[in-house]
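Source file: entry03.pdb. Holds: PDB, C-alpha atoms.
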ATOM      1  CA  MET A 159      98.665  83.216 132.444
ATOM      2  CA  ASP A 160      95.831  81.265 130.781
ATOM      3  CA  GLY A 161      95.911  83.547 127.745
ATOM      4  CA  LYS A 162      92.540  85.216 128.334
ATOM      5  CA  LYS A 163      92.106  88.960 128.012
ATOM      6  CA  ILE A 164      91.870  91.014 131.203
ATOM      7  CA  LYS A 165      88.278  92.223 131.540
ATOM      8  CA  ASP A 166      88.907  95.152 133.879
ATOM      9  CA  PRO A 167      92.601  96.083 133.952
ATOM     10  CA  MET A 168      91.951  99.154 136.096
ATOM     11  CA  LYS A 169      91.032  96.955 139.091
ATOM     12  CA  ILE A 170      94.385  95.248 138.792
ATOM     13  CA  ILE A 171      96.670  98.213 138.210
ATOM     14  CA  VAL A 172      95.284 100.723 140.761
ATOM     15  CA  PRO A 173      96.396  98.692 143.831
ATOM     16  CA  VAL A 174      99.828  98.330 142.224
ATOM     17  CA  LEU A 175     100.069 102.063 141.540
ATOM     18  CA  LEU A 176      99.153 102.791 145.164
ATOM     19  CA  ASP A 177     101.906 100.496 146.451
ATOM     20  CA  PRO A 178     104.657 102.779 147.864
ATOM     21  CA  SER A 179     107.263 100.025 147.482
ATOM     22  CA  MET A 180     106.762  99.837 143.699
ATOM     23  CA  PRO A 181     109.555 101.706 141.827
ATOM     24  CA  ALA A 182     108.424 104.807 139.935
ATOM     25  CA  TYR A 183     109.658 103.473 136.590
ATOM     26  CA  ASP A 184     107.611 100.292 136.987
ATOM     27  CA  LYS A 185     104.526 102.428 137.633
ATOM     28  CA  LEU A 186     105.281 104.482 134.534
ATOM     29  CA  ARG A 187     105.519 101.333 132.431
ATOM     30  CA  ILE A 188     102.190 100.053 133.810
ATOM     31  CA  ILE A 189     100.441 103.340 132.984
ATOM     32  CA  LEU A 190     101.876 103.416 129.461
ATOM     33  CA  LEU A 191     100.825  99.808 128.850
ATOM     34  CA  TYR A 192      97.323 100.658 130.027
ATOM     35  CA  ILE A 193      97.149 103.656 127.669
ATOM     36  CA  PHE A 194      98.238 101.506 124.721
ATOM     37  CA  LEU A 195      95.792  98.762 125.693
ATOM     38  CA  LYS A 196      92.885 101.222 125.759
ATOM     39  CA  ASN A 197      94.106 103.051 122.629
ATOM     40  CA  GLY A 198      94.250 106.281 124.613
ATOM     41  CA  VAL A 199      92.630 107.623 127.778
ATOM     42  CA  SER A 200      90.912 110.843 128.737
ATOM     43  CA  GLU A 201      92.899 113.691 130.274
ATOM     44  CA  GLU A 202      90.981 113.219 133.513
ATOM     45  CA  ASN A 203      91.821 109.524 133.758
ATOM     46  CA  LEU A 204      95.464 110.163 132.914
ATOM     47  CA  THR A 205      95.687 112.748 135.710
ATOM     48  CA  LYS A 206      94.129 110.287 138.172
ATOM     49  CA  LEU A 207      96.540 107.539 137.188
ATOM     50  CA  ILE A 208      99.516 109.825 137.749
ATOM     51  CA  GLN A 209      98.124 110.916 141.121
ATOM     52  CA  HIS A 210      97.448 107.326 142.230
ATOM     53  CA  ALA A 211     101.004 106.381 141.311
ATOM     54  CA  ASN A 212     102.418 109.532 142.958
ATOM     55  CA  ILE A 213     104.789 110.078 140.043
ATOM     56  CA  GLN A 214     104.090 113.731 139.299
ATOM     57  CA  GLN A 215     107.814 114.432 139.054
ATOM     58  CA  GLN A 216     108.223 111.808 136.321
ATOM     59  CA  SER A 217     104.955 112.518 134.488
ATOM     60  CA  ASP A 218     106.853 114.309 131.718
ATOM     61  CA  ILE A 219     107.972 110.862 130.546
ATOM     62  CA  ILE A 220     104.343 109.947 129.813
ATOM     63  CA  HIS A 221     103.566 113.224 128.056
ATOM     64  CA  ASN A 222     106.784 113.072 126.023
ATOM     65  CA  MET A 223     105.531 109.879 124.369
ATOM     66  CA  GLU A 224     103.494 112.190 122.138
ATOM     67  CA  LEU A 225     106.794 113.458 120.728
ATOM     68  CA  LEU A 226     107.204 109.931 119.320
ATOM     69  CA  CYS A 227     103.868 110.319 117.486
ATOM     70  CA  THR A 228     102.101 108.157 120.075
ATOM     71  CA  SER A 229      98.638 109.412 120.984
ATOM     72  CA  LEU A 230      97.768 109.330 124.684
ATOM     73  CA  ARG A 231      94.162 110.418 124.183
ATOM     74  CA  ARG A 232      91.259 108.745 122.446
ATOM     75  CA  GLY A 233      89.838 109.989 119.191
ATOM     76  CA  SER A 234      93.109 111.318 117.830
ATOM     77  CA  GLY A 235      92.593 109.670 114.454
ATOM     78  CA  GLN A 236      96.144 108.321 114.548
ATOM     79  CA  LEU A 237      96.851 105.572 112.028
ATOM     80  CA  ARG A 238      97.577 102.263 113.742
ATOM     81  CA  PRO A 239      98.584  99.150 111.849
ATOM     82  CA  GLU A 240      96.461  96.059 112.409
ATOM     83  CA  ARG A 241      98.217  93.364 114.401
ATOM     84  CA  LYS A 242      98.625  89.864 113.041
ATOM     85  CA  MET A 243      96.956  87.006 114.898
ATOM     86  CA  ARG A 244      99.621  84.691 116.288
ATOM     87  CA  LEU A 245      99.138  81.186 117.597
ATOM     88  CA  GLU A 246     102.718  80.209 118.347
ATOM     89  CA  SER A 247     103.458  79.117 121.885
ATOM     90  CA  THR A 248     104.936  81.672 124.269
ATOM     91  CA  TYR A 249     106.109  81.552 127.839
ATOM     92  CA  GLN A 250     103.821  82.627 130.685
ATOM     93  CA  LEU A 251     105.233  86.020 131.578
ATOM     94  CA  SER A 252     105.322  87.515 128.081
ATOM     95  CA  ARG A 253     102.811  86.993 125.294
ATOM     96  CA  TRP A 254     103.845  90.208 123.560
ATOM     97  CA  THR A 255     105.167  90.095 120.003
ATOM     98  CA  PRO A 256     106.807  93.361 118.883
ATOM     99  CA  MET A 257     105.006  95.151 116.065
ATOM    100  CA  LEU A 258     108.288  95.205 114.180
ATOM    101  CA  LYS A 259     107.906  91.474 113.545
ATOM    102  CA  ASP A 260     104.636  92.163 111.722
ATOM    103  CA  VAL A 261     106.420  94.783 109.632
ATOM    104  CA  MET A 262     109.257  92.396 108.727
ATOM    105  CA  GLU A 263     106.831  89.692 107.654
ATOM    106  CA  TYR A 264     104.656  92.100 105.664
ATOM    107  CA  ILE A 265     107.720  93.371 103.781
ATOM    108  CA  ILE A 266     108.773  89.835 102.875
ATOM    109  CA  GLU A 267     105.204  89.017 101.789
ATOM    110  CA  ASP A 268     104.960  92.347  99.890
ATOM    111  CA  ARG A 269     101.834  93.244 101.889
ATOM    112  CA  LEU A 270     103.068  96.325 103.729
ATOM    113  CA  ASP A 271     100.487  99.100 104.052
ATOM    114  CA  ARG A 272     101.925 101.890 101.885
ATOM    115  CA  GLU A 273      99.703 104.460 103.583
ATOM    116  CA  LEU A 274     101.547 103.829 106.846
ATOM    117  CA  TRP A 275     104.923 103.161 105.205
ATOM    118  CA  PRO A 276     105.055 105.401 102.101
ATOM    119  CA  PHE A 277     108.858 105.464 101.774
ATOM    120  CA  VAL A 278     109.569 101.730 101.625
ATOM    121  CA  SER A 279     110.854 100.749  98.191
ATOM    122  CA  ASP A 280     109.389  97.882  96.203
ATOM    123  CA  PRO A 281     111.068  94.530  96.880
ATOM    124  CA  VAL A 282     113.525  93.155  94.350
ATOM    125  CA  PRO A 283     112.220  89.846  92.945
ATOM    126  CA  ALA A 284     114.640  87.006  93.605
ATOM    127  CA  ALA A 285     113.487  84.371  91.133
ATOM    128  CA  SER A 286     116.984  83.183  90.270
ATOM    129  CA  PRO A 287     120.453  83.007  91.877
ATOM    130  CA  GLN A 288     121.476  85.964  89.724
ATOM    131  CA  ALA A 289     118.565  88.007  91.108
ATOM    132  CA  VAL A 290     119.551  87.062  94.648
ATOM    133  CA  VAL A 291     123.085  88.299  94.062
ATOM    134  CA  SER A 292     121.744  91.484  92.453
ATOM    135  CA  ALA A 293     119.526  92.132  95.431
ATOM    136  CA  ARG A 294     122.556  91.865  97.685
ATOM    137  CA  PHE A 295     125.292  93.679  95.829
ATOM    138  CA  GLY A 296     123.941  95.628  92.866
ATOM    139  CA  HIS A 297     125.039  94.996  89.279
ATOM    140  CA  TRP A 298     128.848  95.287  89.387
ATOM    141  CA  HIS A 299     129.123  91.512  89.112
ATOM    142  CA  LYS A 300     126.679  90.939  86.235
ATOM    143  CA  ASN A 301     129.359  89.565  83.925
ATOM    144  CA  LYS A 302     130.667  87.162  86.573
ATOM    145  CA  PRO A 303     129.218  83.727  87.331
ATOM    146  CA  ALA A 304     126.526  83.791  90.000
ATOM    147  CA  ALA A 305     127.703  82.663  93.411
ATOM    148  CA  LYS A 306     125.686  80.471  95.717
ATOM    149  CA  TYR A 307     124.521  81.900  99.019
ATOM    150  CA  PRO A 308     122.942  80.026 101.940
ATOM    151  CA  THR A 309     120.111  82.534 102.219
ATOM    152  CA  GLY A 310     118.016  84.677  99.911
ATOM    153  CA  PRO A 311     117.915  88.469  99.704
ATOM    154  CA  ARG A 312     118.566  90.508 102.818
ATOM    155  CA  LEU A 313     116.027  92.682 104.566
ATOM    156  CA  ILE A 314     117.998  95.337 106.437
ATOM    157  CA  VAL A 315     116.109  97.099 109.234
ATOM    158  CA  TYR A 316     117.583 100.096 111.065
ATOM    159  CA  VAL A 317     115.667 101.424 114.074
ATOM    160  CA  LEU A 318     116.318 105.046 114.966
ATOM    161  CA  GLY A 319     116.711 105.700 118.674
ATOM    162  CA  GLY A 320     117.475 102.199 119.909
ATOM    163  CA  VAL A 321     116.213  98.653 119.475
ATOM    164  CA  SER A 322     114.913  96.269 122.139
ATOM    165  CA  MET A 323     116.195  92.740 122.636
ATOM    166  CA  SER A 324     112.802  91.279 121.723
ATOM    167  CA  GLU A 325     112.914  93.168 118.409
ATOM    168  CA  MET A 326     116.386  91.764 117.767
ATOM    169  CA  ARG A 327     115.010  88.284 118.421
ATOM    170  CA  CYS A 328     112.289  88.883 115.816
ATOM    171  CA  ALA A 329     114.903  89.300 113.088
ATOM    172  CA  TYR A 330     116.251  85.837 113.921
ATOM    173  CA  GLU A 331     112.752  84.314 114.081
ATOM    174  CA  VAL A 332     111.672  85.751 110.723
ATOM    175  CA  THR A 333     114.901  84.564 109.110
ATOM    176  CA  GLN A 334     114.401  81.055 110.475
ATOM    177  CA  ALA A 335     110.736  80.972 109.411
ATOM    178  CA  SER A 336     111.642  81.887 105.825
ATOM    179  CA  GLU A 337     113.645  78.636 105.545
ATOM    180  CA  GLY A 338     116.547  80.265 103.753
ATOM    181  CA  LYS A 339     114.495  82.467 101.429
ATOM    182  CA  TRP A 340     115.311  85.672 103.344
ATOM    183  CA  GLU A 341     117.913  86.944 105.760
ATOM    184  CA  VAL A 342     116.803  89.716 108.129
ATOM    185  CA  VAL A 343     119.499  91.992 109.536
ATOM    186  CA  ILE A 344     118.589  94.518 112.233
ATOM    187  CA  GLY A 345     120.603  97.362 113.701
ATOM    188  CA  SER A 346     120.282 100.563 115.687
ATOM    189  CA  SER A 347     122.220 103.224 117.547
ATOM    190  CA  HIS A 348     122.027 101.276 120.836
ATOM    191  CA  ILE A 349     120.177  98.490 122.645
ATOM    192  CA  LEU A 350     117.175  99.569 124.703
ATOM    193  CA  THR A 351     116.312  98.362 128.175
ATOM    194  CA  PRO A 352     113.065  99.524 129.852
ATOM    195  CA  LYS A 353     114.906 102.042 132.036
ATOM    196  CA  CYS A 354     117.086 103.249 129.169
ATOM    197  CA  PHE A 355     113.998 103.803 127.012
ATOM    198  CA  LEU A 356     112.199 105.855 129.676
ATOM    199  CA  ASP A 357     115.366 107.891 130.308
ATOM    200  CA  ASP A 358     115.562 108.655 126.575
ATOM    201  CA  VAL A 359     111.890 109.668 126.442
ATOM    202  CA  GLN A 360     112.313 111.969 129.438
ATOM    203  CA  THR A 361     114.918 114.034 127.580
ATOM    204  CA  LEU A 362     113.021 114.355 124.296
ATOM    205  CA  ASP A 363     111.794 117.877 125.108
ATOM    206  CA  GLN A 364     115.197 119.084 126.274
ATOM    207  CA  LEU A 365     117.760 120.948 124.213
ATOM    208  CA  THR A 366     120.963 119.185 123.273
ATOM    209  CA  PRO A 367     124.232 120.745 124.556
ATOM    210  CA  GLU A 368     124.875 122.084 121.047
ATOM    211  CA  GLU A 369     121.447 123.775 120.909
ATOM    212  CA  ALA A 370     121.728 125.154 124.439
TER     213      ALA A 370
END
Could you render the structure as structure tokens?
Amino acid sequence: MDGKKIKDPMKIIVPVLLDPSMPAYDKLRIILLYIFLKNGVSEENLTKLIQHANIQQQSDIIHNMELLCTSLRRGSGQLRPERKMRLESTYQLSRWTPMLKDVMEYIIEDRLDRELWPFVSDPVPAASPQAVVSARFGHWHKNKPAAKYPTGPRLIVYVLGGVSMSEMRCAYEVTQASEGKWEVVIGSSHILTPKCFLDDVQTLDQLTPEEA
């Protein structure tokens, strides 16, 4: 709550994992957060965590995270974008800022790492009202007088496989912070809740009805 980093998270999470009244999905989320915090764990430690939590039947959810290109083990060499340092005030129970907000801001600033994001096209410069309109609608209107719009060019983000509510909030925050220079629009196939996300991950290694 005071904003300091946890020195030894294992001492905190093990008693929680051993608590029989704690729902299995909450234990899964705690283990996954620990793995991400440590940038991967050893196979031995992962096995112990699953045993402590007594969630062997749901352990496939943890292992299926690798199907989303998320490394569970250290030393994988996986590329991870550097997080931006943020000083804005947050409420006590959540200091987490989704990585997608970093991506949105880097795109607007034209600072996106092209090694991690090789397929993102170059931004269209919007130095004039005509350029703003071109960025929005193409060139079919080039012989018509430029219209005035309350915001600048749009950044359209589509997240495959669902988007969380905090990621949706980021689109609003980035739009507001740009002071009318950009409008961020975000969409997806569905809205993710923690349980919905884990349910989706659990079925990643299963055949669809069409494939079966």
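When the distance limit is 7 Å and all atoms listed in the file are what count, the residues near A:Gly310, minus those fewer than 3 positions from it on the same chain, are Val290, Gly338, Lys339, Trp340 and Glu341 of chain A.
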Convert the current residue selection to file output with C-alpha atoms, as an mmCIF file, in the frame of the given file.
data_model
loop_
_atom_site.group_PDB
_atom_site.id
_atom_site.type_symbol
_atom_site.label_atom_id
_atom_site.label_comp_id
_atom_site.auth_asym_id
_atom_site.auth_seq_id
_atom_site.Cartn_x
_atom_site.Cartn_y
_atom_site.Cartn_z
ATOM 1 C CA VAL A 290 119.551 87.062 94.648
ATOM 2 C CA GLY A 338 116.547 80.265 103.753
ATOM 3 C CA LYS A 339 114.495 82.467 101.429
ATOM 4 C CA TRP A 340 115.311 85.672 103.344
ATOM 5 C CA GLU A 341 117.913 86.944 105.760
#
Test item: the PyMOL selection byres ((chain A and resi 263) around 12) resolved as a VMD selection string: chain A and resid 241 to 242 256 to 262 264 to 271 313 315 328 to 336 340 to 342
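Atom CA of A:Phe194 is found 7.8 Å from atom CA of A:Leu230.
Picture a line from atom CA of A:Arg312 to atom CA of A:Glu337; it runs 13.1 Å.
Separating atom CA of A:Gly345 from atom CA of A:Tyr316 is a distance of 4.9 Å.
Comparing A:Val343, A:Ile314, A:Leu176, A:Ala182 by their smallest distance to A:Gln216, the closest is A:Ala182 (using all atoms listed in the file).
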Applying the PyMOL selection byres ((chain A and resi 203) around 12) to the file I just gave you, which residues come out? Please list them as an MDAnalysis selection string. chainID A and resid 168 172 189 192:193 196 198:202 204:210 230:232
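Residues with any atom within 9 Å of A:Lys185, counting all atoms listed in the file and excluding same-chain neighbours fewer than 4 positions away, are Ile171, Val174, Leu175, Met180, Pro181, Ile189, Leu190, Ile208, Ala211 and Ile213 of chain A.
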Could you tell me which residues the PyMOL selection byres ((chain A and resi 322) around 6) grabs in this file, written as number ranges by chain? A: 321, 323-325, 349-350
Identify, on the basis of only C-alpha atoms, every residue whose closest approach to A:Leu226 does not exceed 9 Å; exclude the query and any residue fewer than 4 positions from it along the same chain; express the result as a compact mmCIF listing (two decimals) with C-alpha atoms, keeping the file's coordinate frame.
# COMPACT_ATOMS: atom_id res chain seq x y z
CA ASN A 222 106.78 113.07 126.02
CA VAL A 359 111.89 109.67 126.44
CA LEU A 362 113.02 114.36 124.30
